[in-house]
Structures are given as structure tokens and as C-alpha cells.
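For reference, work.txt (compact mmCIF, C-alpha atoms (C1' of nucleotides)):
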```txt
# COMPACT_ATOMS: atom_id res chain seq x y z
CA MET A 25 -64.17 -15.73 22.26
CA ILE A 26 -62.69 -18.60 20.31
CA SER A 27 -60.84 -21.23 22.27
CA LEU A 28 -58.19 -23.18 20.44
CA ASP A 29 -57.27 -25.11 23.51
CA HIS A 30 -58.35 -28.45 22.02
CA VAL A 31 -56.12 -28.02 18.95
CA HIS A 32 -53.01 -30.10 19.37
CA ASP A 33 -49.88 -30.07 17.25
CA PRO A 34 -51.36 -27.74 14.68
CA LYS A 35 -49.69 -26.68 11.48
CA PRO A 36 -49.68 -22.95 10.86
CA GLU A 37 -51.77 -23.62 7.76
CA ASP A 38 -54.60 -24.84 9.94
CA PHE A 39 -55.62 -21.34 10.94
CA PRO A 40 -58.05 -19.18 8.99
CA SER A 41 -56.89 -15.85 7.63
CA GLU A 42 -58.61 -14.00 10.43
CA LEU A 43 -59.25 -14.85 14.07
CA GLU A 44 -61.13 -12.64 16.49
CA GLY A 45 -60.74 -9.70 14.15
CA LEU A 46 -56.99 -10.24 13.93
CA ARG A 47 -55.40 -10.83 10.56
CA MET A 48 -53.50 -14.08 10.78
CA THR A 49 -50.24 -13.43 9.06
CA LYS A 50 -47.65 -16.16 8.46
CA GLN A 51 -45.76 -15.09 11.56
CA ARG A 52 -48.78 -14.88 13.82
CA ARG A 53 -49.84 -18.31 12.63
CA GLU A 54 -46.44 -19.69 13.40
CA VAL A 55 -46.33 -18.13 16.85
CA LEU A 56 -49.79 -19.45 17.59
CA ALA A 57 -48.84 -22.91 16.34
CA VAL A 58 -45.83 -22.93 18.65
CA ILE A 59 -47.96 -22.01 21.64
CA LEU A 60 -50.59 -24.60 20.84
CA GLY A 61 -47.96 -27.21 20.05
CA GLU A 62 -45.91 -27.60 23.18
CA ARG A 63 -48.02 -26.43 26.08
CA ASP A 64 -45.30 -25.74 28.52
CA HIS A 65 -45.99 -22.01 28.94
CA PRO A 66 -43.04 -20.80 26.89
CA THR A 67 -41.49 -17.37 27.27
CA ALA A 68 -41.23 -15.00 24.31
CA ASN A 69 -37.71 -16.18 23.76
CA ASP A 70 -38.75 -19.85 23.87
CA VAL A 71 -41.36 -19.07 21.25
CA PHE A 72 -38.75 -17.29 19.16
CA VAL A 73 -36.36 -20.23 19.26
CA ARG A 74 -39.08 -22.72 18.36
CA ALA A 75 -40.61 -20.59 15.65
CA LYS A 76 -37.24 -20.32 13.95
CA ASP A 77 -37.27 -24.04 13.21
CA ARG A 78 -39.95 -23.62 10.61
CA MET A 79 -39.40 -19.94 9.87
CA PRO A 80 -35.72 -19.08 10.23
CA THR A 81 -36.21 -15.47 9.21
CA ILE A 82 -38.61 -14.51 11.98
CA SER A 83 -37.27 -11.90 14.38
CA LEU A 84 -37.62 -11.58 18.11
CA ALA A 85 -39.32 -8.21 17.68
CA THR A 86 -41.92 -9.90 15.51
CA VAL A 87 -42.46 -12.59 18.08
CA TYR A 88 -43.14 -9.87 20.64
CA ASN A 89 -45.46 -8.10 18.20
CA CYS A 90 -47.34 -11.30 17.45
CA LEU A 91 -47.67 -12.22 21.10
CA GLU A 92 -49.05 -8.82 21.96
CA ALA A 93 -51.51 -9.07 19.06
CA LEU A 94 -52.63 -12.57 20.09
CA VAL A 95 -52.96 -11.56 23.72
CA SER A 96 -54.88 -8.36 23.05
CA HIS A 97 -57.28 -10.27 20.81
CA GLN A 98 -57.73 -12.87 23.49
CA ILE A 99 -56.41 -15.76 21.49
CA VAL A 100 -53.72 -16.58 24.01
CA ARG A 101 -53.10 -15.59 27.60
CA GLN A 102 -50.09 -13.94 29.14
CA VAL A 103 -48.93 -15.50 32.40
CA ASN A 104 -46.67 -13.92 35.00
CA PHE A 105 -44.82 -15.19 38.01
CA GLU A 106 -43.50 -12.35 40.03
CA ARG A 107 -40.95 -10.55 37.91
CA GLU A 108 -39.95 -13.46 35.75
CA SER A 109 -40.34 -13.06 32.03
CA SER A 110 -43.87 -13.47 30.78
CA ARG A 111 -45.09 -16.82 29.56
CA TYR A 112 -47.86 -17.67 27.15
CA CYS A 113 -50.76 -20.06 27.52
CA PRO A 114 -53.36 -21.17 24.97
CA ASN A 115 -55.90 -22.18 27.60
CA LEU A 116 -58.48 -19.42 27.81
CA SER A 117 -60.75 -21.08 30.32
CA ASP A 118 -60.86 -19.70 33.83
CA HIS A 119 -57.79 -21.04 35.53
CA CYS A 120 -54.65 -20.07 37.35
CA HIS A 121 -51.03 -21.19 37.41
CA PHE A 122 -48.86 -23.20 39.71
CA GLN A 123 -45.12 -23.32 39.29
CA ASP A 124 -43.51 -26.38 40.79
CA GLU A 125 -40.35 -25.20 42.44
CA GLU A 126 -38.51 -28.46 41.96
CA SER A 127 -39.14 -29.06 38.28
CA GLY A 128 -39.88 -25.49 37.25
CA LYS A 129 -42.92 -26.80 35.37
CA ILE A 130 -46.07 -24.74 35.26
CA HIS A 131 -49.43 -26.39 35.81
CA ASP A 132 -52.87 -25.06 35.02
CA VAL A 133 -55.11 -25.11 38.08
CA VAL A 134 -58.87 -24.83 37.72
CA PHE A 135 -61.43 -23.48 40.15
CA LYS A 136 -63.72 -25.85 41.95
CA ASP A 137 -67.11 -26.17 40.34
CA GLY A 138 -69.25 -23.13 40.67
CA VAL A 139 -66.99 -20.95 42.77
CA LYS A 140 -66.90 -17.30 41.91
CA LEU A 141 -64.35 -14.76 42.96
CA GLU A 142 -66.95 -12.71 44.79
CA ASP A 143 -67.55 -15.73 47.00
CA PHE A 144 -64.18 -15.58 48.61
CA LEU A 145 -63.00 -12.02 48.29
CA GLU A 146 -64.29 -9.07 50.28
CA LEU A 147 -64.86 -6.62 47.42
CA PRO A 148 -66.80 -3.37 47.72
CA GLN A 149 -70.06 -3.10 45.85
CA GLY A 150 -69.72 -1.85 42.34
CA THR A 151 -66.29 -3.37 41.79
CA GLU A 152 -65.67 -4.41 38.21
CA ILE A 153 -62.83 -6.83 37.59
CA SER A 154 -61.17 -6.51 34.23
CA HIS A 155 -58.17 -8.65 34.91
CA LEU A 156 -57.34 -11.35 37.42
CA GLU A 157 -54.17 -13.30 37.92
CA ILE A 158 -53.52 -15.97 40.50
CA SER A 159 -50.02 -17.42 40.67
CA LEU A 160 -48.88 -20.13 43.02
CA LYS A 161 -45.53 -21.67 43.75
CA GLY A 162 -44.55 -24.67 45.78
CA GLN A 163 -44.52 -28.42 45.36
CA PHE A 164 -47.22 -29.58 43.02
CA GLY A 165 -48.86 -32.77 44.27
CA THR A 166 -48.86 -36.00 42.34
CA GLN A 167 -52.10 -37.70 43.24
CA LYS A 168 -55.73 -37.09 42.23
CA MET B 15 -43.73 -13.44 62.32
CA ILE B 16 -43.92 -9.89 63.51
CA SER B 17 -46.52 -7.65 62.00
CA LEU B 18 -45.83 -3.95 62.02
CA ASP B 19 -48.99 -3.19 60.14
CA HIS B 20 -50.50 -1.21 63.01
CA VAL B 21 -47.51 1.10 63.24
CA HIS B 22 -48.32 4.40 61.60
CA ASP B 23 -45.97 7.23 60.79
CA PRO B 24 -43.02 5.67 62.59
CA LYS B 25 -39.65 7.26 63.03
CA PRO B 26 -36.72 5.08 62.06
CA GLU B 27 -35.60 5.25 65.70
CA ASP B 28 -38.68 3.33 66.72
CA PHE B 29 -37.29 0.03 65.54
CA PRO B 30 -35.14 -2.28 67.61
CA SER B 31 -31.66 -3.13 66.43
CA GLU B 32 -32.83 -6.51 65.23
CA LEU B 33 -36.11 -7.72 63.75
CA GLU B 34 -36.83 -11.28 62.74
CA GLY B 35 -33.16 -12.08 62.87
CA LEU B 36 -32.34 -9.17 60.60
CA ARG B 37 -29.96 -6.52 61.78
CA MET B 38 -31.75 -3.20 61.54
CA THR B 39 -29.22 -0.80 60.13
CA LYS B 40 -29.92 2.91 59.68
CA GLN B 41 -30.84 2.36 56.06
CA ARG B 42 -33.11 -0.63 56.69
CA ARG B 43 -34.85 1.33 59.41
CA GLU B 44 -35.40 4.22 57.06
CA VAL B 45 -36.70 2.03 54.24
CA LEU B 46 -39.06 0.29 56.66
CA ALA B 47 -40.24 3.62 58.04
CA VAL B 48 -41.03 4.82 54.52
CA ILE B 49 -43.06 1.71 53.78
CA LEU B 50 -44.96 1.92 57.05
CA GLY B 51 -45.44 5.66 56.66
CA GLU B 52 -47.28 6.18 53.42
CA ARG B 53 -49.06 2.95 52.64
CA ASP B 54 -49.55 3.41 48.97
CA HIS B 55 -47.55 0.40 47.85
CA PRO B 56 -44.51 2.33 46.66
CA THR B 57 -42.04 0.99 44.12
CA ALA B 58 -38.34 0.69 44.94
CA ASN B 59 -37.78 4.00 43.27
CA ASP B 60 -40.61 5.65 45.23
CA VAL B 61 -39.01 4.37 48.41
CA PHE B 62 -35.65 5.70 47.28
CA VAL B 63 -37.04 9.18 46.62
CA ARG B 64 -38.83 9.30 49.97
CA ALA B 65 -35.95 7.88 51.94
CA LYS B 66 -33.65 10.56 50.58
CA ASP B 67 -35.66 13.23 52.40
CA ARG B 68 -34.31 12.10 55.72
CA MET B 69 -31.19 10.36 54.49
CA PRO B 70 -29.84 12.14 51.44
CA THR B 71 -26.87 9.82 51.08
CA ILE B 72 -28.83 6.60 50.67
CA SER B 73 -28.35 4.93 47.31
CA LEU B 74 -30.81 3.13 45.10
CA ALA B 75 -28.73 -0.03 45.34
CA THR B 76 -29.08 0.12 49.09
CA VAL B 77 -32.81 0.57 48.82
CA TYR B 78 -32.93 -2.58 46.68
CA ASN B 79 -30.71 -4.39 49.17
CA CYS B 80 -32.84 -3.30 52.11
CA LEU B 81 -36.06 -4.24 50.38
CA GLU B 82 -34.77 -7.68 49.57
CA ALA B 83 -33.62 -8.13 53.18
CA LEU B 84 -36.97 -6.98 54.57
CA VAL B 85 -38.89 -9.17 52.15
CA SER B 86 -36.83 -12.28 52.75
CA HIS B 87 -37.19 -11.83 56.49
CA GLN B 88 -40.93 -11.42 56.06
CA ILE B 89 -41.10 -7.94 57.46
CA VAL B 90 -42.65 -6.51 54.30
CA ARG B 91 -44.30 -8.05 51.27
CA GLN B 92 -43.41 -7.65 47.62
CA VAL B 93 -46.38 -7.06 45.34
CA ASN B 94 -46.48 -7.51 41.60
CA PHE B 95 -48.89 -6.53 38.88
CA GLU B 96 -48.03 -8.22 35.67
CA ARG B 97 -44.66 -6.89 34.57
CA GLU B 98 -44.83 -3.56 36.32
CA SER B 99 -42.11 -2.77 38.78
CA SER B 100 -42.51 -4.41 42.15
CA ARG B 101 -44.24 -2.60 44.95
CA TYR B 102 -43.93 -3.03 48.69
CA CYS B 103 -46.57 -3.54 51.32
CA PRO B 104 -46.28 -3.65 55.12
CA ASN B 105 -49.48 -5.63 55.58
CA LEU B 106 -48.49 -9.23 56.22
CA SER B 107 -51.97 -10.57 56.82
CA ASP B 108 -53.49 -12.82 54.18
CA HIS B 109 -54.71 -10.51 51.48
CA CYS B 110 -54.45 -9.70 47.83
CA HIS B 111 -54.23 -6.58 45.71
CA PHE B 112 -56.56 -4.64 43.49
CA GLN B 113 -55.29 -1.91 41.21
CA ASP B 114 -57.93 0.61 40.26
CA GLU B 115 -57.40 1.36 36.61
CA GLU B 116 -58.72 4.88 36.82
CA SER B 117 -56.77 6.19 39.79
CA GLY B 118 -53.87 3.74 39.65
CA LYS B 119 -54.31 3.25 43.39
CA ILE B 120 -53.75 -0.15 44.91
CA HIS B 121 -56.15 -1.53 47.48
CA ASP B 122 -55.67 -4.41 49.86
CA VAL B 123 -58.45 -6.99 49.51
CA VAL B 124 -59.06 -9.55 52.22
CA PHE B 125 -60.55 -13.01 51.97
CA LYS B 126 -64.02 -13.63 53.29
CA ASP B 127 -64.07 -15.11 56.73
CA GLY B 128 -62.86 -18.65 56.91
CA VAL B 129 -62.20 -19.33 53.25
CA LYS B 130 -59.14 -21.34 52.40
CA LEU B 131 -57.44 -21.64 49.07
CA GLU B 132 -58.06 -25.36 48.97
CA ASP B 133 -61.78 -24.61 49.08
CA PHE B 134 -61.84 -23.03 45.71
CA LEU B 135 -58.91 -24.45 43.80
CA GLU B 136 -58.66 -27.95 42.38
CA LEU B 137 -55.23 -28.89 43.68
CA PRO B 138 -53.79 -32.41 43.65
CA GLN B 139 -53.22 -34.09 46.99
CA GLY B 140 -49.86 -33.41 48.49
CA THR B 141 -49.56 -29.94 47.03
CA GLU B 142 -47.61 -27.55 49.23
CA ILE B 143 -48.02 -23.87 48.55
CA SER B 144 -45.02 -21.75 49.40
CA HIS B 145 -46.09 -18.58 47.67
CA LEU B 146 -49.40 -17.19 46.50
CA GLU B 147 -50.16 -13.98 44.70
CA ILE B 148 -53.55 -12.74 43.59
CA SER B 149 -53.66 -9.53 41.60
CA LEU B 150 -56.78 -7.85 40.30
CA LYS B 151 -57.37 -4.87 38.10
CA GLY B 152 -60.51 -2.99 37.21
CA GLN B 153 -62.74 -0.38 38.80
CA PHE B 154 -62.63 -0.59 42.54
CA GLY B 155 -66.09 -0.07 44.05
CA THR B 156 -66.94 2.75 46.38
CA GLN B 157 -69.59 1.35 48.69
CA LYS B 158 -69.43 -1.09 51.63
C1' DA C 30 -8.65 -0.81 69.76
C1' DT C 31 -8.35 -4.73 66.45
C1' DC C 32 -10.19 -7.78 63.57
C1' DA C 33 -13.46 -10.19 60.80
C1' DT C 34 -17.77 -9.85 58.89
C1' DA C 35 -21.60 -7.57 56.99
C1' DA C 36 -23.67 -3.54 54.82
C1' DT C 37 -23.48 0.44 51.87
C1' DT C 38 -22.25 2.81 47.82
C1' DA C 39 -21.64 4.38 42.84
C1' DG C 40 -21.45 2.87 38.78
C1' DA C 41 -21.30 -0.80 35.38
C1' DA C 42 -23.74 -4.73 33.66
C1' DT C 43 -27.74 -7.46 32.53
C1' DA C 44 -32.16 -8.96 30.82
C1' DA C 45 -36.68 -8.37 29.21
C1' DT C 46 -39.16 -5.62 26.57
C1' DT C 47 -40.28 -1.65 23.64
C1' DC C 48 -39.26 1.65 20.23
C1' DC C 49 -37.83 3.19 15.71
C1' DA C 50 -37.36 3.83 10.96
C1' DA C 51 -36.72 1.38 6.89
C1' DA C 52 -37.98 -2.44 4.03
C1' DT C 53 -41.42 -5.70 2.78
C1' DT C 54 -45.89 -7.58 2.34
C1' DT C 55 -50.71 -7.39 1.98
C1' DT C 56 -54.97 -5.35 0.68
C1' DG C 57 -58.60 -3.19 -1.71
C1' DG C 58 -59.94 -0.39 -5.65
C1' DC C 59 -59.65 -0.03 -10.37
C1' DG D 3 -53.01 -7.86 -12.60
C1' DC D 4 -51.43 -3.05 -11.09
C1' DC D 5 -51.01 0.53 -7.90
C1' DA D 6 -51.33 3.22 -3.82
C1' DA D 7 -52.25 2.96 0.97
C1' DA D 8 -52.05 0.54 5.05
C1' DA D 9 -50.28 -2.95 7.91
C1' DT D 10 -46.62 -5.90 9.22
C1' DT D 11 -42.00 -7.36 9.75
C1' DT D 12 -37.31 -6.57 10.70
C1' DG D 13 -32.68 -5.47 12.95
C1' DG D 14 -30.85 -2.67 15.82
C1' DA D 15 -30.94 0.91 19.20
C1' DA D 16 -33.13 2.46 23.39
C1' DT D 17 -35.36 1.88 27.72
C1' DT D 18 -36.29 0.24 32.31
C1' DA D 19 -36.07 -2.37 36.35
C1' DT D 20 -33.04 -4.83 38.67
C1' DT D 21 -28.63 -7.13 39.86
C1' DC D 22 -23.76 -7.29 40.15
C1' DT D 23 -19.06 -5.68 41.33
C1' DA D 24 -15.47 -3.87 43.71
C1' DA D 25 -14.23 -0.46 46.91
C1' DT D 26 -15.37 1.76 51.22
C1' DT D 27 -17.50 2.00 55.65
C1' DA D 28 -19.80 0.36 59.74
C1' DT D 29 -20.64 -3.15 63.24
C1' DG D 30 -20.00 -6.48 66.89
C1' DA D 31 -17.15 -9.63 69.23
C1' DT D 32 -13.03 -10.35 71.51
```
Please rewrite the model in this file as C-alpha cells.
Amino acid sequence: MISLDHVHDPKPEDFPSELEGLRMTKQRREVLAVILGERDHPTANDVFVRAKDRMPTISLATVYNCLEALVSHQIVRQVNFERESSRYCPNLSDHCHFQDEESGKIHDVVFKDGVKLEDFLELPQGTEISHLEISLKGQFGTQK
Amino acid sequence: MISLDHVHDPKPEDFPSELEGLRMTKQRREVLAVILGERDHPTANDVFVRAKDRMPTISLATVYNCLEALVSHQIVRQVNFERESSRYCPNLSDHCHFQDEESGKIHDVVFKDGVKLEDFLELPQGTEISHLEISLKGQFGTQK
DNA sequence: ATCATAATTAGAATAATTCCAAATTTTGGC
DNA sequence: GCCAAAATTTGGAATTATTCTAATTATGAT
């Protein structure tokens, strides 16, 4: 797994021609650059609007295609809050999401050091987790 | 908060004319009875199909209306897995959901005794959680 | 019973996402 | 570089879950 989380304000040209076995086409590069650029958990449509700045010919269908390719190759993460439209996040480390109800902003929330899921959930032996999503809403604190 | 989780195979007539400040109409009773009856986390459409057995004139719009009324009055819970259609759960106790990828079945998963969210998440001081959803997918174990 | 309010209904509308088939681009072999 | 095959992109149509709308019906209070 390659984490690009540290890459800020990247140009599409910064990416190699292949990432995680996925061919990085112009469009995929652009979509990835958008997601790494402004880390506000944009929706597919947000990505589309932003990508058009640099690449006016890109289509929404392509944005969806690129997002699905990036997600399935674990280059970005798909984030859901209830039935709202999906959002996209370049942070691949173990974390979950908090949506502040006042501002609408989404914050990454990390686990306390060393805690594992099995420590707090009553799961039967032999359970294999392939996907986990934790979504919180409320007022996000200011201090600490 | 009134938990009806222990009520199995209820008839619609079993419910009082008001619950949690919500007027229990014929349709709301029926929808609630369906959800308490077969606890397989049905979708709105599943509820609609089942409710029609006893009440052939009920409409899908009404099922959606009833579900939203029951959810907002905290009589049932709405459950989401990524962008799949919402499901409904009569268990109001603190728990989360595991979807077995082989069978498609959804299991309730409880927290280990005494664990609190704040124990495993790094949340800033002053954070107020109004809504929490934890969804897991994978192979659900058989033992224990 | 009358009235005002709330709930139900069928069908239309919406929004996010996926599908489709054609056009374009990329790739690897020569 | 040239060509065929494969992959990707594109615009638009289709799909799906859900919400909205406007008309009808039921309810509860007086």
C-alpha cells in the first residue's frame, strides 16, 4: 500500500505512470491531484468541478470511473455518512470520520494508540473484517 | 426511550395509540410490527412488501413516511452500509452492524462491557456526539 | 357532527450513480 | 513509426432509492 497522504498541492505530473498496479492516465492523475490538493473530503461532483479547471473536457462519468479505480486500488478511500453522496479521502491510515453539524466540515479522527477493534467489539471467533466504517456526527470540539 | 426489542411476533393491535409522542396510526403500527417481526434488517421496500400481506392498500410512500416517523421518534433505528439502501432495526441498545459477505445477513454486534467511544477515539475536548454509526463487512464467525 | 389538523396515497420529480455504445487513446509487437 | 488489440474516456440514457406534491381520507377536539 502506497500512502500519498503527505503529498500536498501536487501537480498531476507528479505521479508515476503506474500506481498500485493502476495505470495512471491523465484523468486519473487529475482526479488524484484534486483529492490530494484540497483535503475537504469532496464528493464526486466536487471533484468533477475542480478537475474541470485544469481539464475542461473531463466528464462526470470519467470522474466516477477514476474514483472507482482509485478506490479499488486503495489509493484513496471512499467515505460515507448515512445516505449522503460519497466523499473521497486521501488518508489511508486507520481513521474514521466526524462531520461537524454546524460547519458541515469533515474531520479525520484517529484511534487511540494501540487500540484494536477486537478490544471493544464482541465478535465471534473466526470473524474476518474486510471493511470497516465509523462515522460520527455532532459538534466537533475545538481544544486539544 | 422505549425499547420494544423484546417484543417478538407482535400484532399491530399490540401497540398503544401513542408511542414516544408519536401517534400510532394503523400504518405505523403495521410497519413497526413488520420490523419487530422478522428481525433481518429489512429495507424500506422489504417492509413495504411484508406490510402489504396484512394491509394490501398501504403505499410505498407511506412506508417511507412511517419509517421516518419511527426513526425520528427513536422507536426504530436506521442502518446504513455504504451506499446501499437503508435498513431498519428495532434494537435500540448500543450496538453496531456486521454484514456477512457470503450470506448477506446482517448481525448486531455489541460493545464489550464498559467500553466507551472516548476510550478508543482521539476526540478533541468539547466534542459532542449526536450520531454514531459503525458498519463492518467480512466473514462473520461461527463460534462463541 | 363540524372543523382543523395530520396522515395516507399515487404518481411525478429528484439526485446520485451506473450503464451503454461509440469515439479516442494507449500499448505492445513488429 | 505503424498497426491491431485493449483500455479508457465520453455524453447521454437508464436505474434506483428516496422525496415531493397535491388530492383524499382519517383523527381528535370542541
Dump as a list of chain:residue names all residues having an atom at most 10 Å from (-60.8, -9.8, 32.1), computed in the file's coordinates with all atoms listed in the file.
A:Gln98, A:Glu152, A:Ile153, A:Ser154, A:His155, A:Leu156, A:Glu157, B:Leu150, B:Lys151, B:Gly152
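Here atom CA of Leu84 of chain A is placed at a distance of 10.1 Å from atom CA of Asp70 of chain A.
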For atom CA of Tyr88 of chain A and atom C1' of DT46 of chain C, the interatomic separation in Å (one decimal):
8.3 Å
Show me the residues around (-17.4, -1.9, 66.4) - criterion: an atom at most 12 Å away, only C-alpha atoms (C1' of nucleotides) counted - as JSON, numbers by chain.
{"C": [30, 31, 32, 33, 34, 35], "D": [27, 28, 29, 30, 31, 32]}
What does the file look like for those residues with C-alpha atoms (C1' of nucleotides), as a PDB file, keeping the file's coordinate frame?
```
ATOM      1  C1'  DA C  30      -8.650  -0.810  69.760  1.00  0.00           C
ATOM      2  C1'  DT C  31      -8.350  -4.730  66.450  1.00  0.00           C
ATOM      3  C1'  DC C  32     -10.190  -7.780  63.570  1.00  0.00           C
ATOM      4  C1'  DA C  33     -13.460 -10.190  60.800  1.00  0.00           C
ATOM      5  C1'  DT C  34     -17.770  -9.850  58.890  1.00  0.00           C
ATOM      6  C1'  DA C  35     -21.600  -7.570  56.990  1.00  0.00           C
TER       7       DA C  35
ATOM      8  C1'  DT D  27     -17.500   2.000  55.650  1.00  0.00           C
ATOM      9  C1'  DA D  28     -19.800   0.360  59.740  1.00  0.00           C
ATOM     10  C1'  DT D  29     -20.640  -3.150  63.240  1.00  0.00           C
ATOM     11  C1'  DG D  30     -20.000  -6.480  66.890  1.00  0.00           C
ATOM     12  C1'  DA D  31     -17.150  -9.630  69.230  1.00  0.00           C
ATOM     13  C1'  DT D  32     -13.030 -10.350  71.510  1.00  0.00           C
TER      14       DT D  32
END
```
Chain A contacts on chain C, all atoms listed in the file, 10 Å, as an MDAnalysis selection string
chainID C and resid 44:47 54:55
Selected residues, C-alpha atoms (C1' of nucleotides), written as an mmCIF file, keeping the file's coordinate frame, please.
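So the final result, stored in result.cif, reads:
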```
data_model
loop_
_atom_site.group_PDB
_atom_site.id
_atom_site.type_symbol
_atom_site.label_atom_id
_atom_site.label_comp_id
_atom_site.auth_asym_id
_atom_site.auth_seq_id
_atom_site.Cartn_x
_atom_site.Cartn_y
_atom_site.Cartn_z
ATOM 1 C "C1'" DA C 44 -32.160 -8.960 30.820
ATOM 2 C "C1'" DA C 45 -36.680 -8.370 29.210
ATOM 3 C "C1'" DT C 46 -39.160 -5.620 26.570
ATOM 4 C "C1'" DT C 47 -40.280 -1.650 23.640
ATOM 5 C "C1'" DT C 54 -45.890 -7.580 2.340
ATOM 6 C "C1'" DT C 55 -50.710 -7.390 1.980
#
```
Interface list for chain B, partner chain A, 12 Å threshold, all atoms listed in the file, as an MDAnalysis selection string
chainID B and resid 92:101 108:116 121:158
Contacts of chain D with chain B up to 9 Å, shortest pair per row, only C-alpha atoms (C1' of nucleotides), as a tab-separated table:
```
residue	atom	partner	partner_atom	distance
D:DA19	C1'	B:Ser99	CA	6.5
D:DT20	C1'	B:Tyr78	CA	8.3
D:DT21	C1'	B:Ala75	CA	9.0
```
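Using only C-alpha atoms (C1' of nucleotides), the contacts of Met15 of chain B at a cut-off of 10 Å, with sequence neighbours closer than 6 positions omitted, comprise B:Leu33, B:Glu34, B:His87, B:Gln88, B:Ile89, B:Leu106.
Here atom CA of Pro70 of chain B and atom CA of Gly35 of chain B stand 27.0 Å from one another.
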Box in all listed atoms of segment 39-48 of chain B, axis-aligned, with 4 Å more on each side; write out centre and edge lengths in Å to one decimal as AutoDock Vina command-line options.
```
--center_x -35.1 --center_y 2.0 --center_z 57.2 --size_x 19.8 --size_y 13.6 --size_z 13.9
```
What would segment 98-105 of chain A look like with all heavy atoms restored, written as a PDB file, in the frame of the given file?
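Contents of result.pdb, freshly written:
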```
ATOM      1  N   GLN A  98     -57.264 -11.766  22.663  1.00  0.00           N
ATOM      2  CA  GLN A  98     -57.730 -12.870  23.490  1.00  0.00           C
ATOM      3  C   GLN A  98     -57.694 -14.213  22.797  1.00  0.00           C
ATOM      4  O   GLN A  98     -58.629 -14.998  22.885  1.00  0.00           O
ATOM      5  CB  GLN A  98     -59.156 -12.591  23.979  1.00  0.00           C
ATOM      6  CG  GLN A  98     -59.300 -11.153  24.427  1.00  0.00           C
ATOM      7  CD  GLN A  98     -60.332 -11.017  25.514  1.00  0.00           C
ATOM      8  OE1 GLN A  98     -60.141 -11.523  26.628  1.00  0.00           O
ATOM      9  NE2 GLN A  98     -61.415 -10.354  25.203  1.00  0.00           N
ATOM     10  N   ILE A  99     -56.607 -14.456  22.109  1.00  0.00           N
ATOM     11  CA  ILE A  99     -56.410 -15.760  21.490  1.00  0.00           C
ATOM     12  C   ILE A  99     -55.458 -16.588  22.344  1.00  0.00           C
ATOM     13  O   ILE A  99     -55.569 -17.796  22.418  1.00  0.00           O
ATOM     14  CB  ILE A  99     -55.911 -15.588  20.037  1.00  0.00           C
ATOM     15  CG1 ILE A  99     -56.971 -14.811  19.236  1.00  0.00           C
ATOM     16  CG2 ILE A  99     -55.609 -16.927  19.382  1.00  0.00           C
ATOM     17  CD1 ILE A  99     -56.481 -14.257  17.920  1.00  0.00           C
ATOM     18  N   VAL A 100     -54.544 -15.906  23.004  1.00  0.00           N
ATOM     19  CA  VAL A 100     -53.720 -16.580  24.010  1.00  0.00           C
ATOM     20  C   VAL A 100     -53.660 -15.707  25.264  1.00  0.00           C
ATOM     21  O   VAL A 100     -54.044 -14.537  25.224  1.00  0.00           O
ATOM     22  CB  VAL A 100     -52.285 -16.909  23.527  1.00  0.00           C
ATOM     23  CG1 VAL A 100     -52.281 -17.650  22.201  1.00  0.00           C
ATOM     24  CG2 VAL A 100     -51.446 -15.652  23.434  1.00  0.00           C
ATOM     25  N   ARG A 101     -53.190 -16.306  26.334  1.00  0.00           N
ATOM     26  CA  ARG A 101     -53.100 -15.590  27.600  1.00  0.00           C
ATOM     27  C   ARG A 101     -51.663 -15.387  28.012  1.00  0.00           C
ATOM     28  O   ARG A 101     -50.820 -16.254  27.805  1.00  0.00           O
ATOM     29  CB  ARG A 101     -53.769 -16.440  28.686  1.00  0.00           C
ATOM     30  CG  ARG A 101     -54.955 -15.780  29.308  1.00  0.00           C
ATOM     31  CD  ARG A 101     -55.593 -16.701  30.282  1.00  0.00           C
ATOM     32  NE  ARG A 101     -55.088 -16.517  31.634  1.00  0.00           N
ATOM     33  CZ  ARG A 101     -55.624 -17.132  32.687  1.00  0.00           C
ATOM     34  NH1 ARG A 101     -56.632 -17.976  32.534  1.00  0.00           N
ATOM     35  NH2 ARG A 101     -55.143 -16.907  33.881  1.00  0.00           N
ATOM     36  N   GLN A 102     -51.414 -14.244  28.621  1.00  0.00           N
ATOM     37  CA  GLN A 102     -50.090 -13.940  29.140  1.00  0.00           C
ATOM     38  C   GLN A 102     -50.070 -14.317  30.617  1.00  0.00           C
ATOM     39  O   GLN A 102     -51.008 -13.995  31.350  1.00  0.00           O
ATOM     40  CB  GLN A 102     -49.843 -12.451  28.965  1.00  0.00           C
ATOM     41  CG  GLN A 102     -48.454 -12.014  29.283  1.00  0.00           C
ATOM     42  CD  GLN A 102     -48.167 -10.602  28.785  1.00  0.00           C
ATOM     43  OE1 GLN A 102     -49.069  -9.911  28.305  1.00  0.00           O
ATOM     44  NE2 GLN A 102     -46.933 -10.169  28.898  1.00  0.00           N
ATOM     45  N   VAL A 103     -49.013 -14.963  31.039  1.00  0.00           N
ATOM     46  CA  VAL A 103     -48.930 -15.500  32.400  1.00  0.00           C
ATOM     47  C   VAL A 103     -47.673 -14.981  33.075  1.00  0.00           C
ATOM     48  O   VAL A 103     -46.594 -15.029  32.492  1.00  0.00           O
ATOM     49  CB  VAL A 103     -48.869 -17.045  32.343  1.00  0.00           C
ATOM     50  CG1 VAL A 103     -48.595 -17.635  33.717  1.00  0.00           C
ATOM     51  CG2 VAL A 103     -50.141 -17.607  31.741  1.00  0.00           C
ATOM     52  N   ASN A 104     -47.834 -14.478  34.300  1.00  0.00           N
ATOM     53  CA  ASN A 104     -46.670 -13.920  35.000  1.00  0.00           C
ATOM     54  C   ASN A 104     -46.462 -14.553  36.354  1.00  0.00           C
ATOM     55  O   ASN A 104     -47.420 -14.787  37.090  1.00  0.00           O
ATOM     56  CB  ASN A 104     -46.860 -12.422  35.198  1.00  0.00           C
ATOM     57  CG  ASN A 104     -46.976 -11.692  33.885  1.00  0.00           C
ATOM     58  OD1 ASN A 104     -45.995 -11.559  33.157  1.00  0.00           O
ATOM     59  ND2 ASN A 104     -48.173 -11.238  33.547  1.00  0.00           N
ATOM     60  N   PHE A 105     -45.196 -14.793  36.661  1.00  0.00           N
ATOM     61  CA  PHE A 105     -44.820 -15.190  38.010  1.00  0.00           C
ATOM     62  C   PHE A 105     -43.859 -14.150  38.534  1.00  0.00           C
ATOM     63  O   PHE A 105     -42.735 -14.020  38.022  1.00  0.00           O
ATOM     64  CB  PHE A 105     -44.127 -16.550  38.006  1.00  0.00           C
ATOM     65  CG  PHE A 105     -45.092 -17.676  37.896  1.00  0.00           C
ATOM     66  CD1 PHE A 105     -45.424 -18.204  36.667  1.00  0.00           C
ATOM     67  CD2 PHE A 105     -45.706 -18.185  39.028  1.00  0.00           C
ATOM     68  CE1 PHE A 105     -46.337 -19.242  36.562  1.00  0.00           C
ATOM     69  CE2 PHE A 105     -46.619 -19.225  38.935  1.00  0.00           C
ATOM     70  CZ  PHE A 105     -46.933 -19.753  37.699  1.00  0.00           C
TER      71      PHE A 105
END
```
